[in-house]
Structure formats: structure tokens, C-alpha cells
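Novice: Let me begin by handing over the structure; questions about it come next.
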Amino acid sequence: MNPPREHPTPTHHAASTDHGGAHNHPGHAPAGSDHPGHDRPGHDHLGHGDHVAEFRRLFWIMLVLAIPTVAFNDMFADILGYPLPEQEWVRWVSPLIGSVIYAWGGRPFLVGAVGEIRTARPGMMLLIALAITVAFVASWGSTLHVLDHELNFWWELALLVVIMLLGHWIEMRSLARTTSALDSLAALLPDEAEKIVGDEVVPVAPVELAVGDVVLVRPGGSVPADGIIVDGSASMDESMVTGESVPVRRGTGDQVVAGTVATDSGLRVRVSATGEDTALAGIRRLIADAQSSSSRAQRLADTAAGLLFWFALGAAVITAIVWTAIGEPDTAVVRAITVLVIACPHALGLAIPLVVSIATERAARAGVLVKDRLALESMRGVDAVLFDKTGTLTKGQPTVTAVQPAAGHDRDRVLAAAAAAESGSEHPLAAAIVRAARSEELTVARARDFSSSPAVGVTAAVGGHTIGVGGPHLLDEHGLVELPIAREWRAQGAIILHVIADSQVIGAIRLADEVRPESRDAVDRLHDEGIEVVMITGDAQAVADDVAGRLGIDRVYAGVRPQDKAATVAELQREGHKVAMVGDGVNDAPALAQADVGIAIGAGTDVAIGSAGVILASSDPRSVLSVIELSRAAYRKMAQNLWWAAGYNLVSVPLAAGVLAPVGFVLPMSVGAILMSASTVVVALNAQLLRRLDLRPGHGSHS
């Protein structure tokens, strides 16, 4: 059996670290949680992306139909004081078109109300359906002269349907989901696997593989299923699953995971798990479970609507009983119906959607994408922020942090020689050394006779000398010992490469994942808000402690396996914390979904973006503060708007019921309608104040 081909281009060093060069890699998890009500009967019809277009179309159609319905309604004409034509057809315009509006435009609310009745959980749908149904029946009664003319509510029915459709359109548009976390996970697997059958390589779909099959993984190719390497060795990029930013060397007998990439060499792998038994499928299940468990929270407006439903119904019943008891049954009907119609304030349907729409628009301008309204509402109560280290607090790529020359050698010469030797390599460590030399404007000579050896290092002829750069295996080949400084660096979890010239050690280079310059400010500002800052990483304790010490982080979880990150979030939650998780890798996706709020750094993977409720377009961790500020400001506006909307009810319903009738005052329907419109205007204007927020990192804001 011929061994797999080696791919000569990239070089990989076996860097001297106490954790094998393992580093967390940024990953992303999309905020793929459902709209917080989609799994509840009565909201199923509101939960999908195509319903944004449905509500938009329905709103515009109903708006056009509402114009003649309102304009030709004699009650509305009486309120504004304009005359209507006296032709017979005029009196039928509002009833006929109004009936179409009720049946067509009101259908989503009527269907939703049925679902809420079935589950005995009255909410917004039932409140709206009650109001438009009572208005519809009463208006026909008035049109046919069966009921009092004051109950001609066609104009009110039309406006109520139009405004509620507008509110739901705004809501659906602001909550429309973009990417799917689960689809992104599936995309990590290759479209085709190469199965070895005898002396032939047969292309098959990954789903057709069975345990025991042997597959060929070419250089740069993805592993199609979990398995054991039976031939060859390669540096495996496991960042999409493990979060380690530095490729890990895997050889015969080692386990490899579906979705990981053989970066430099080919492999033959015997399949040990397929389909739902793979590690990738396990991550997929964790995401799905966490998302489904966190998507059932009740919305604030639903709670208010449920309370208002019982308030309105109770008020109408009491009104009917009292007026009937005092001997005025006709008045009892008029008052009870009036109470039920005006009990559904237009403002309540707009109170939350308007705030969410404006808040998400302001956030988007600041590079913050809110994918889940529940996440936006929850962020204000977060008291612990859990950061993934690599790609979040750090840049996720190695950087030269120190160069130590051996006795008698010059620091700049050591770095320039190493950069010259590494210039032919595509390895991340090589790129970091070359980048460091260029940033210091050193002269980098042209190298010849470049060669690389996996797990050892590189060698090249530079200026008449043979220069080698590598880890401990390179030193062993030449019978050399490391510089004394290496022990101190290793204790700090650094990556260490030695530079040799003509078989003599001339220096050592320390590399580490570079901390973002904004990270310290982000941690300090979170502390100012009384929020505990926690860091989690797959790296060794020494690496984690070094970063945590520089940033002033309160608590560190190091050496955490990908499947355990969600458990760490759950542990913090059991301690009583409300947790926001900030990460950017596939390995972060379950934790992002488990957290009370998942925040994905925008430079991360589609999977992380799909599992998070909030996505930061930039990689600036200070944007977390922007999300907290936005959440608090938006909640204030939501609460204020709900009080305005509910306040209208608390005042108008008792007056419409006739509580002041003994002193000669009963709220006319026309005045109730004006109050209803006024509350809607107040809610809209109050929501607009959110536009004053400045959410850019490092800027103050106000609302």
C-alpha cells in the first residue's frame, strides 16, 4: 500500500510548549434561536422568514382598504365634522370593505387566538381578536339597525387591524433570522469522501461510509467521519472543532474528528463513527438542545396582553351586570361592547416592536447585529461575562513577543536570520516571525535551499550560513540544548522556537497569541458596571493565567474541552449568575446557545454566529458594553411604552364602563378613540428617543 503523498509547501514546527502548541481558535456561533414565541400555539404563524413578506404585503393591502372604510364611516365623519354624500351606496362602503379587512387582514390574529384558547394562555393574539370580533359584530348590528348607532366601529376595526399588522411586520422584520448554525456545521464536512476499496479510490458521499471503511484524506482536505489514522501523519487544523489555533500533529493510531483538516500531508483513516455518532453531530445536538430550551421564554408584551385580556373581559362583564341591574339593559350592551373594543389599545401592538426595530437599527449602525430579541432583553440583567480567550480577548494568531539572543549574538541578527529562513514557509508561526522582522524594518536576506520537516522545523541557506528554526526536535537533531530563558517562557505557556546557525544556537524566539489592545479597557469597564469577568480556553493553565493576569480577569477556566464549555456556562448559571458568553468558534457554539445571552465575535465562524443571539461585526470586545447599554435603554423604552399603553386602558376602560355615570359623565366612544390615537403617538415618539444612543465602542451615549 503506497503511503499518502506529502505536501511540501507549508512548514509546521513542533513548538516547545507544555501543551503541545494547543491554542484556542476563534469560532462563531450564529444566533439561531427561534423567536421567543414560535413554539407557542398562536404564534406559529409568525415565526418564519417568509412571513416578513406576508405581513408587509398584508399591511399595505389593508392600508389601502382602510382608507375608504374610515373615510365613508359616518361615526368617523361625525368625529371630524365633515359631511358624507347622501347616496345609498355610501352607507355600505364601510361594512363591505370592513368585513373584508376583518376576514382577510384579521385572519392571523384570529388563528393565533384559537391557539391561545386551546392552551388556555391568553395573550396578544386573543386580545386583538376579541377587539376586532366585537367591533365586527357590533358594527354589523349598528349597520342593520339592530344595535345602537354609537356602535358603528368600522373605522376603528380597520385602523386596529392595520396598526396591528404594522406592528407584527416591524417585529418579524427585526427578528428575521439569517444563517443557520446547524447548516453551517453540516458544511464543515466534505461533499465527497474517497473510500479505499482494494487498490482503488472510490468517491462516495460521507453518509454512505460505514464503520471500518478506510478513506483517503488528501493534503488540505477535510476528514469525512471520525476515525483512526492507519497510515501517514499530518498537522491537523482542529480549530473548527477544538478551538486550538495551532495545528496539532497526528500520526498512525491517533484519533481524528470529522470536519478537521489535514493541512500539510495526506492520511488514510479507518472510520470509527459516522452520522449522528460523530463529535460534530454531538456539537450539533448540544446547540439544538440549548436553543430549544432557551426559546420558550414569554415575551413581555404577551404577559401584558394576557393581563389586559382578563382586565377587559372582567370590566365588560361587570359593566353589563351593573347597567342591567339598574334597569338599563340597552345601555349595558352599548357600554360592555365599547369597553371590549377600546380595551385593545393600538399602542400595545406597537410598544415593543417599535422599540426593537429602532434598537436593532441603532445597533446595526454600530456593528452590533441583534438576531434574537430575547437576548436583547436579557442582556441588561447579565452579571457575569464569559469570554473565550482566542480570537475574542486575543487576536487568535501567534505574534513574536520576545527575542533572546545567545551570548555574543545580536538580537536583530537573530530575528532577521529566522525571518529569512522562514520566508519560504506558510506556517502561522513562520508568518509571525517574518511579520515581526518587517515591522522592525530589518533587512531580511534571500534564502536558498529551503527545506522543511514536519514536527521539526525549517532549514535554509542564508548569507553563507545554514540557518535552522524549530522546536525541541530540531535541537535534538543537532545535539544542542535550549537557552535558559526557555524554561521561564515555557512556564508562561509560550510557544518557543530556537534559531541555530551552522549547528550552533544563536537565539530563541517567544511567540504567543497577541492580546487585543481593547481587551483591558473592556474588562475594566465591565468591572465598573459590577459585572464579573470570566475567561474560558482550551489552552493550558499557564497560558490562560498569563492572559488573565495581564487583563485583570476574575476567574479562569483552562484546559476546557469543547464539549465541556456549555457545562461551564451551566455551572455559572447554577451559582446564580446570569451569563453572557462571548466566543467565535464552532467549539463555542453550544456554550453560546446555553448562555442567557450568546454573543458571537463577527470574525468567527458561521456556526458561532448562528448559535448566538447577538453578533459583533467588529472584533472589539468593548462592543459587549454597547450591547449592555442598548439592552438597558431598550428595556426602559419598552417598560415606558407598556405603561403608556396599559395606562390608556386603566383610565379609559373604567370611564367607558361608566364609573362616573353617577356624576353625569360617561366616556363617549369618540373621546376613547382620540385617547387611543394619542397613546399610539406617545409610544411612537418615545421609541424614537432611542435614536440618540451612540453605541460605538469607546463613546459615551445617552437616551
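Chain labels run A, B, ... following the order of the C-alpha cells; each chain numbers its residues from 1, and ligands are numbered from 1 in the order shown.
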If we count only C-alpha atoms and set the cut-off at 10 Å, which residues sit around stretch 465-468 of chain A, ignoring sequence neighbours fewer than 5 positions away in its own chain? Please answer as a list in words.
Specialist: Val414, Ala417, Ala418, Ala420, Ala421, Glu422, Ala447, Arg448, Asp449, Phe450, Ser451, Ser452, Val456, Gly457, Val458, Thr459, Ala460, Leu474, Leu475, Leu497, His498, Val499, Ile500, Ala501, Asp502, Ser503, Gln504, Val505 and Ile506 of chain A
Novice: Excluding A:Arg438 and residues on its chain fewer than 2 positions from it, collect all residues at most 12 Å away from it, counting only C-alpha atoms, and give them as a list in words.
Specialist: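 Surrounding residues, per the criterion: Val400, Asp412, Leu415, Ala416, Ala418, Ala419, Ala420, Ser423, Ala431, Ala432, Ile433, Val434, Arg435, Ala436, Glu440, Glu441, Leu442, Thr443, Val444 and Ala445 of chain A.
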Novice: Using C-alpha atoms, can you write the selected residues to a file as a CSV table (one decimal), in the first residue's frame?
Specialist:
chain,number,residue,atom,x,y,z
A,400,VAL,CA,6.5,37.4,18.4
A,412,ASP,CA,18.2,41.9,15.4
A,415,LEU,CA,15.3,37.8,14.2
A,416,ALA,CA,16.4,38.7,10.7
A,418,ALA,CA,15.0,33.5,11.4
A,419,ALA,CA,12.7,35.6,9.1
A,420,ALA,CA,15.0,34.8,6.1
A,423,SER,CA,10.2,33.3,4.4
A,431,ALA,CA,4.4,34.3,9.1
A,432,ALA,CA,4.5,35.8,12.6
A,433,ILE,CA,8.4,35.8,12.6
A,434,VAL,CA,8.5,37.4,9.1
A,435,ARG,CA,5.9,40.0,10.1
A,436,ALA,CA,7.9,40.9,13.2
A,440,GLU,CA,11.1,46.5,12.8
A,441,GLU,CA,12.3,47.3,9.3
A,442,LEU,CA,15.1,44.7,9.5
A,443,THR,CA,16.9,43.6,6.3
A,444,VAL,CA,15.8,40.1,5.5
A,445,ALA,CA,18.3,38.3,3.2
Novice: Could you please write out, as a PDB file with all heavy atoms, in the first residue's frame, every residue of stretch 321-403 of chain A that DSSP assigns to strand (DSSP E or B)?
Specialist:
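Written output follows (out-v2.pdb):
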ATOM      1  N   VAL A 368     -23.376  46.048  15.661  1.00  0.00           N
ATOM      2  CA  VAL A 368     -23.937  45.030  16.551  1.00  0.00           C
ATOM      3  C   VAL A 368     -25.219  44.509  15.913  1.00  0.00           C
ATOM      4  O   VAL A 368     -26.174  45.265  15.720  1.00  0.00           O
ATOM      5  CB  VAL A 368     -24.242  45.595  17.952  1.00  0.00           C
ATOM      6  CG1 VAL A 368     -24.876  44.525  18.829  1.00  0.00           C
ATOM      7  CG2 VAL A 368     -22.980  46.147  18.596  1.00  0.00           C
ATOM      8  N   LEU A 369     -25.241  43.217  15.568  1.00  0.00           N
ATOM      9  CA  LEU A 369     -26.420  42.616  14.950  1.00  0.00           C
ATOM     10  C   LEU A 369     -27.194  41.840  16.002  1.00  0.00           C
ATOM     11  O   LEU A 369     -26.698  40.885  16.579  1.00  0.00           O
ATOM     12  CB  LEU A 369     -26.008  41.676  13.813  1.00  0.00           C
ATOM     13  CG  LEU A 369     -27.137  40.865  13.165  1.00  0.00           C
ATOM     14  CD1 LEU A 369     -28.178  41.792  12.539  1.00  0.00           C
ATOM     15  CD2 LEU A 369     -26.584  39.914  12.119  1.00  0.00           C
ATOM     16  N   VAL A 370     -28.430  42.282  16.270  1.00  0.00           N
ATOM     17  CA  VAL A 370     -29.289  41.597  17.233  1.00  0.00           C
ATOM     18  C   VAL A 370     -30.163  40.609  16.472  1.00  0.00           C
ATOM     19  O   VAL A 370     -31.011  41.005  15.678  1.00  0.00           O
ATOM     20  CB  VAL A 370     -30.172  42.605  18.004  1.00  0.00           C
ATOM     21  CG1 VAL A 370     -31.099  41.864  18.962  1.00  0.00           C
ATOM     22  CG2 VAL A 370     -29.310  43.610  18.754  1.00  0.00           C
ATOM     23  N   ALA A 384     -22.387  38.248  34.783  1.00  0.00           N
ATOM     24  CA  ALA A 384     -21.124  37.555  34.514  1.00  0.00           C
ATOM     25  C   ALA A 384     -20.946  37.432  33.010  1.00  0.00           C
ATOM     26  O   ALA A 384     -21.852  36.975  32.317  1.00  0.00           O
ATOM     27  CB  ALA A 384     -21.098  36.174  35.166  1.00  0.00           C
ATOM     28  N   VAL A 385     -19.802  37.874  32.511  1.00  0.00           N
ATOM     29  CA  VAL A 385     -19.485  37.749  31.092  1.00  0.00           C
ATOM     30  C   VAL A 385     -18.353  36.745  30.954  1.00  0.00           C
ATOM     31  O   VAL A 385     -17.278  36.909  31.536  1.00  0.00           O
ATOM     32  CB  VAL A 385     -19.089  39.101  30.473  1.00  0.00           C
ATOM     33  CG1 VAL A 385     -18.661  38.909  29.016  1.00  0.00           C
ATOM     34  CG2 VAL A 385     -20.248  40.086  30.547  1.00  0.00           C
ATOM     35  N   LEU A 386     -18.626  35.695  30.187  1.00  0.00           N
ATOM     36  CA  LEU A 386     -17.649  34.623  29.980  1.00  0.00           C
ATOM     37  C   LEU A 386     -17.049  34.787  28.586  1.00  0.00           C
ATOM     38  O   LEU A 386     -17.741  34.623  27.584  1.00  0.00           O
ATOM     39  CB  LEU A 386     -18.348  33.269  30.116  1.00  0.00           C
ATOM     40  CG  LEU A 386     -17.507  32.008  29.882  1.00  0.00           C
ATOM     41  CD1 LEU A 386     -16.388  31.912  30.906  1.00  0.00           C
ATOM     42  CD2 LEU A 386     -18.383  30.770  29.959  1.00  0.00           C
ATOM     43  N   PHE A 387     -15.763  35.110  28.534  1.00  0.00           N
ATOM     44  CA  PHE A 387     -15.069  35.302  27.264  1.00  0.00           C
ATOM     45  C   PHE A 387     -14.294  34.042  26.885  1.00  0.00           C
ATOM     46  O   PHE A 387     -13.571  33.478  27.703  1.00  0.00           O
ATOM     47  CB  PHE A 387     -14.055  36.443  27.362  1.00  0.00           C
ATOM     48  CG  PHE A 387     -14.642  37.817  27.365  1.00  0.00           C
ATOM     49  CD1 PHE A 387     -14.801  38.510  28.554  1.00  0.00           C
ATOM     50  CD2 PHE A 387     -15.019  38.438  26.182  1.00  0.00           C
ATOM     51  CE1 PHE A 387     -15.324  39.803  28.567  1.00  0.00           C
ATOM     52  CE2 PHE A 387     -15.548  39.723  26.173  1.00  0.00           C
ATOM     53  CZ  PHE A 387     -15.706  40.403  27.373  1.00  0.00           C
ATOM     54  N   ASP A 388     -14.442  33.619  25.625  1.00  0.00           N
ATOM     55  CA  ASP A 388     -13.484  32.670  25.082  1.00  0.00           C
ATOM     56  C   ASP A 388     -12.195  33.446  24.837  1.00  0.00           C
ATOM     57  O   ASP A 388     -12.237  34.622  24.465  1.00  0.00           O
ATOM     58  CB  ASP A 388     -14.001  32.087  23.766  1.00  0.00           C
ATOM     59  CG  ASP A 388     -12.991  31.155  23.133  1.00  0.00           C
ATOM     60  OD1 ASP A 388     -12.576  30.194  23.797  1.00  0.00           O
ATOM     61  OD2 ASP A 388     -12.613  31.411  21.978  1.00  0.00           O
ATOM     62  N   THR A 394      -7.993  37.759  22.608  1.00  0.00           N
ATOM     63  CA  THR A 394      -6.742  37.794  21.860  1.00  0.00           C
ATOM     64  C   THR A 394      -7.057  37.785  20.366  1.00  0.00           C
ATOM     65  O   THR A 394      -8.196  37.619  19.972  1.00  0.00           O
ATOM     66  CB  THR A 394      -5.856  36.579  22.209  1.00  0.00           C
ATOM     67  OG1 THR A 394      -6.510  35.393  21.753  1.00  0.00           O
ATOM     68  CG2 THR A 394      -5.624  36.481  23.711  1.00  0.00           C
ATOM     69  N   LYS A 395      -6.040  37.951  19.553  1.00  0.00           N
ATOM     70  CA  LYS A 395      -6.258  38.055  18.108  1.00  0.00           C
ATOM     71  C   LYS A 395      -6.366  36.706  17.416  1.00  0.00           C
ATOM     72  O   LYS A 395      -6.704  36.638  16.238  1.00  0.00           O
ATOM     73  CB  LYS A 395      -5.137  38.884  17.465  1.00  0.00           C
ATOM     74  CG  LYS A 395      -5.195  40.360  17.865  1.00  0.00           C
ATOM     75  CD  LYS A 395      -4.196  41.190  17.086  1.00  0.00           C
ATOM     76  CE  LYS A 395      -4.339  42.677  17.399  1.00  0.00           C
ATOM     77  NZ  LYS A 395      -3.384  43.501  16.630  1.00  0.00           N
ATOM     78  N   GLY A 396      -6.028  35.643  18.129  1.00  0.00           N
ATOM     79  CA  GLY A 396      -6.175  34.321  17.531  1.00  0.00           C
ATOM     80  C   GLY A 396      -5.074  33.961  16.562  1.00  0.00           C
ATOM     81  O   GLY A 396      -5.209  33.020  15.786  1.00  0.00           O
ATOM     82  N   GLN A 397      -3.968  34.712  16.576  1.00  0.00           N
ATOM     83  CA  GLN A 397      -2.840  34.374  15.710  1.00  0.00           C
ATOM     84  C   GLN A 397      -1.548  34.630  16.479  1.00  0.00           C
ATOM     85  O   GLN A 397      -1.471  35.550  17.294  1.00  0.00           O
ATOM     86  CB  GLN A 397      -2.852  35.214  14.431  1.00  0.00           C
ATOM     87  CG  GLN A 397      -2.718  36.710  14.663  1.00  0.00           C
ATOM     88  CD  GLN A 397      -2.763  37.499  13.366  1.00  0.00           C
ATOM     89  OE1 GLN A 397      -3.271  37.034  12.370  1.00  0.00           O
ATOM     90  NE2 GLN A 397      -2.235  38.722  13.396  1.00  0.00           N
ATOM     91  N   PRO A 398      -0.536  33.778  16.257  1.00  0.00           N
ATOM     92  CA  PRO A 398       0.704  33.939  17.017  1.00  0.00           C
ATOM     93  C   PRO A 398       1.431  35.232  16.654  1.00  0.00           C
ATOM     94  O   PRO A 398       1.381  35.691  15.510  1.00  0.00           O
ATOM     95  CB  PRO A 398       1.526  32.704  16.616  1.00  0.00           C
ATOM     96  CG  PRO A 398       0.965  32.296  15.292  1.00  0.00           C
ATOM     97  CD  PRO A 398      -0.485  32.656  15.321  1.00  0.00           C
ATOM     98  N   THR A 399       2.070  35.813  17.641  1.00  0.00           N
ATOM     99  CA  THR A 399       2.830  37.044  17.465  1.00  0.00           C
ATOM    100  C   THR A 399       4.141  36.912  18.226  1.00  0.00           C
ATOM    101  O   THR A 399       4.170  36.335  19.319  1.00  0.00           O
ATOM    102  CB  THR A 399       2.045  38.255  18.017  1.00  0.00           C
ATOM    103  OG1 THR A 399       0.798  38.335  17.348  1.00  0.00           O
ATOM    104  CG2 THR A 399       2.818  39.554  17.809  1.00  0.00           C
ATOM    105  N   VAL A 400       5.216  37.412  17.658  1.00  0.00           N
ATOM    106  CA  VAL A 400       6.509  37.406  18.355  1.00  0.00           C
ATOM    107  C   VAL A 400       6.437  38.377  19.530  1.00  0.00           C
ATOM    108  O   VAL A 400       6.157  39.567  19.360  1.00  0.00           O
ATOM    109  CB  VAL A 400       7.656  37.806  17.407  1.00  0.00           C
ATOM    110  CG1 VAL A 400       8.964  37.960  18.185  1.00  0.00           C
ATOM    111  CG2 VAL A 400       7.819  36.761  16.307  1.00  0.00           C
ATOM    112  N   THR A 401       6.665  37.865  20.735  1.00  0.00           N
ATOM    113  CA  THR A 401       6.607  38.720  21.929  1.00  0.00           C
ATOM    114  C   THR A 401       7.983  38.958  22.547  1.00  0.00           C
ATOM    115  O   THR A 401       8.128  39.849  23.386  1.00  0.00           O
ATOM    116  CB  THR A 401       5.680  38.090  22.984  1.00  0.00           C
ATOM    117  OG1 THR A 401       6.142  36.763  23.290  1.00  0.00           O
ATOM    118  CG2 THR A 401       4.247  38.007  22.462  1.00  0.00           C
ATOM    119  N   ALA A 402       8.977  38.148  22.164  1.00  0.00           N
ATOM    120  CA  ALA A 402      10.335  38.378  22.689  1.00  0.00           C
ATOM    121  C   ALA A 402      11.344  37.638  21.819  1.00  0.00           C
ATOM    122  O   ALA A 402      11.039  36.583  21.251  1.00  0.00           O
ATOM    123  CB  ALA A 402      10.446  37.899  24.140  1.00  0.00           C
ATOM    124  N   VAL A 403      12.543  38.210  21.722  1.00  0.00           N
ATOM    125  CA  VAL A 403      13.666  37.560  21.032  1.00  0.00           C
ATOM    126  C   VAL A 403      14.857  37.611  21.984  1.00  0.00           C
ATOM    127  O   VAL A 403      15.259  38.690  22.441  1.00  0.00           O
ATOM    128  CB  VAL A 403      14.020  38.276  19.707  1.00  0.00           C
ATOM    129  CG1 VAL A 403      15.220  37.587  19.054  1.00  0.00           C
ATOM    130  CG2 VAL A 403      12.826  38.293  18.768  1.00  0.00           C
TER     131      VAL A 403
END
Novice: Find the nearest atom pair between each residue of stretch 513-602 of chain A and stretch 622-625 of chain A for residues within 12 Å, count only C-alpha atoms, give distances in Å to one decimal, sort rows by chain and ascending number, and present the table as CSV.
Specialist:
residue,atom,partner,partner_atom,distance
A:Arg516,CA,A:Arg622,CA,10.6
A:Pro517,CA,A:Arg622,CA,10.5
A:Glu518,CA,A:Arg622,CA,6.7
A:Ser519,CA,A:Arg622,CA,7.1
A:Arg520,CA,A:Arg622,CA,9.1
A:Asp521,CA,A:Arg622,CA,7.2
A:Ala522,CA,A:Arg622,CA,4.6
A:Val523,CA,A:Arg622,CA,8.1
A:Asp524,CA,A:Arg622,CA,9.9
A:Arg525,CA,A:Leu625,CA,7.6
A:Leu526,CA,A:Leu625,CA,7.1
A:His527,CA,A:Leu625,CA,10.8
A:Asp528,CA,A:Leu625,CA,10.8
A:Glu529,CA,A:Leu625,CA,9.2
A:Ile531,CA,A:Leu625,CA,10.6
A:Val533,CA,A:Val624,CA,11.7
A:Ala580,CA,A:Val624,CA,9.2
A:Met581,CA,A:Val624,CA,10.1
A:Val582,CA,A:Val624,CA,8.3
A:Gly583,CA,A:Val624,CA,11.4
A:Val597,CA,A:Val624,CA,10.9
A:Gly598,CA,A:Val624,CA,10.8
A:Ile599,CA,A:Val624,CA,8.0
A:Ala600,CA,A:Val624,CA,10.1
A:Ile601,CA,A:Ser623,CA,9.5
A:Gly602,CA,A:Ser623,CA,11.0
Novice: Extract, using only C-alpha atoms, all DNA, RNA and protein residues at most 8 Å from A:Ile101, discarding same-chain residues fewer than 5 positions from it, and format them as a PDB file with N, CA and C atoms, in the first residue's frame.
Specialist:
ATOM      1  N   MET A  62     -54.245  46.091   3.388  1.00  0.00           N
ATOM      2  CA  MET A  62     -55.243  46.529   4.368  1.00  0.00           C
ATOM      3  C   MET A  62     -55.232  48.046   4.542  1.00  0.00           C
ATOM      4  N   LEU A  65     -57.309  49.394   1.766  1.00  0.00           N
ATOM      5  CA  LEU A  65     -58.722  49.128   2.021  1.00  0.00           C
ATOM      6  C   LEU A  65     -59.260  49.955   3.189  1.00  0.00           C
ATOM      7  N   ALA A  66     -58.381  50.281   4.132  1.00  0.00           N
ATOM      8  CA  ALA A  66     -58.830  51.035   5.312  1.00  0.00           C
ATOM      9  C   ALA A  66     -59.205  52.474   4.970  1.00  0.00           C
ATOM     10  N   GLY A 106     -57.550  40.330   9.425  1.00  0.00           N
ATOM     11  CA  GLY A 106     -57.602  39.870  10.807  1.00  0.00           C
ATOM     12  C   GLY A 106     -57.328  38.393  10.991  1.00  0.00           C
ATOM     13  N   ALA A 158     -60.944  48.864  11.170  1.00  0.00           N
ATOM     14  CA  ALA A 158     -59.956  48.976  10.094  1.00  0.00           C
ATOM     15  C   ALA A 158     -58.614  49.466  10.625  1.00  0.00           C
ATOM     16  N   VAL A 161     -56.789  46.750  12.828  1.00  0.00           N
ATOM     17  CA  VAL A 161     -56.153  45.691  12.031  1.00  0.00           C
ATOM     18  C   VAL A 161     -54.889  46.216  11.360  1.00  0.00           C
TER      19      VAL A 161
END
Novice: Could you state the separation of atom CA of A:Arg692 and atom CA of A:Ala363 in Å, given to one decimal place?
Specialist: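 These atoms are spaced 11.6 Å apart.
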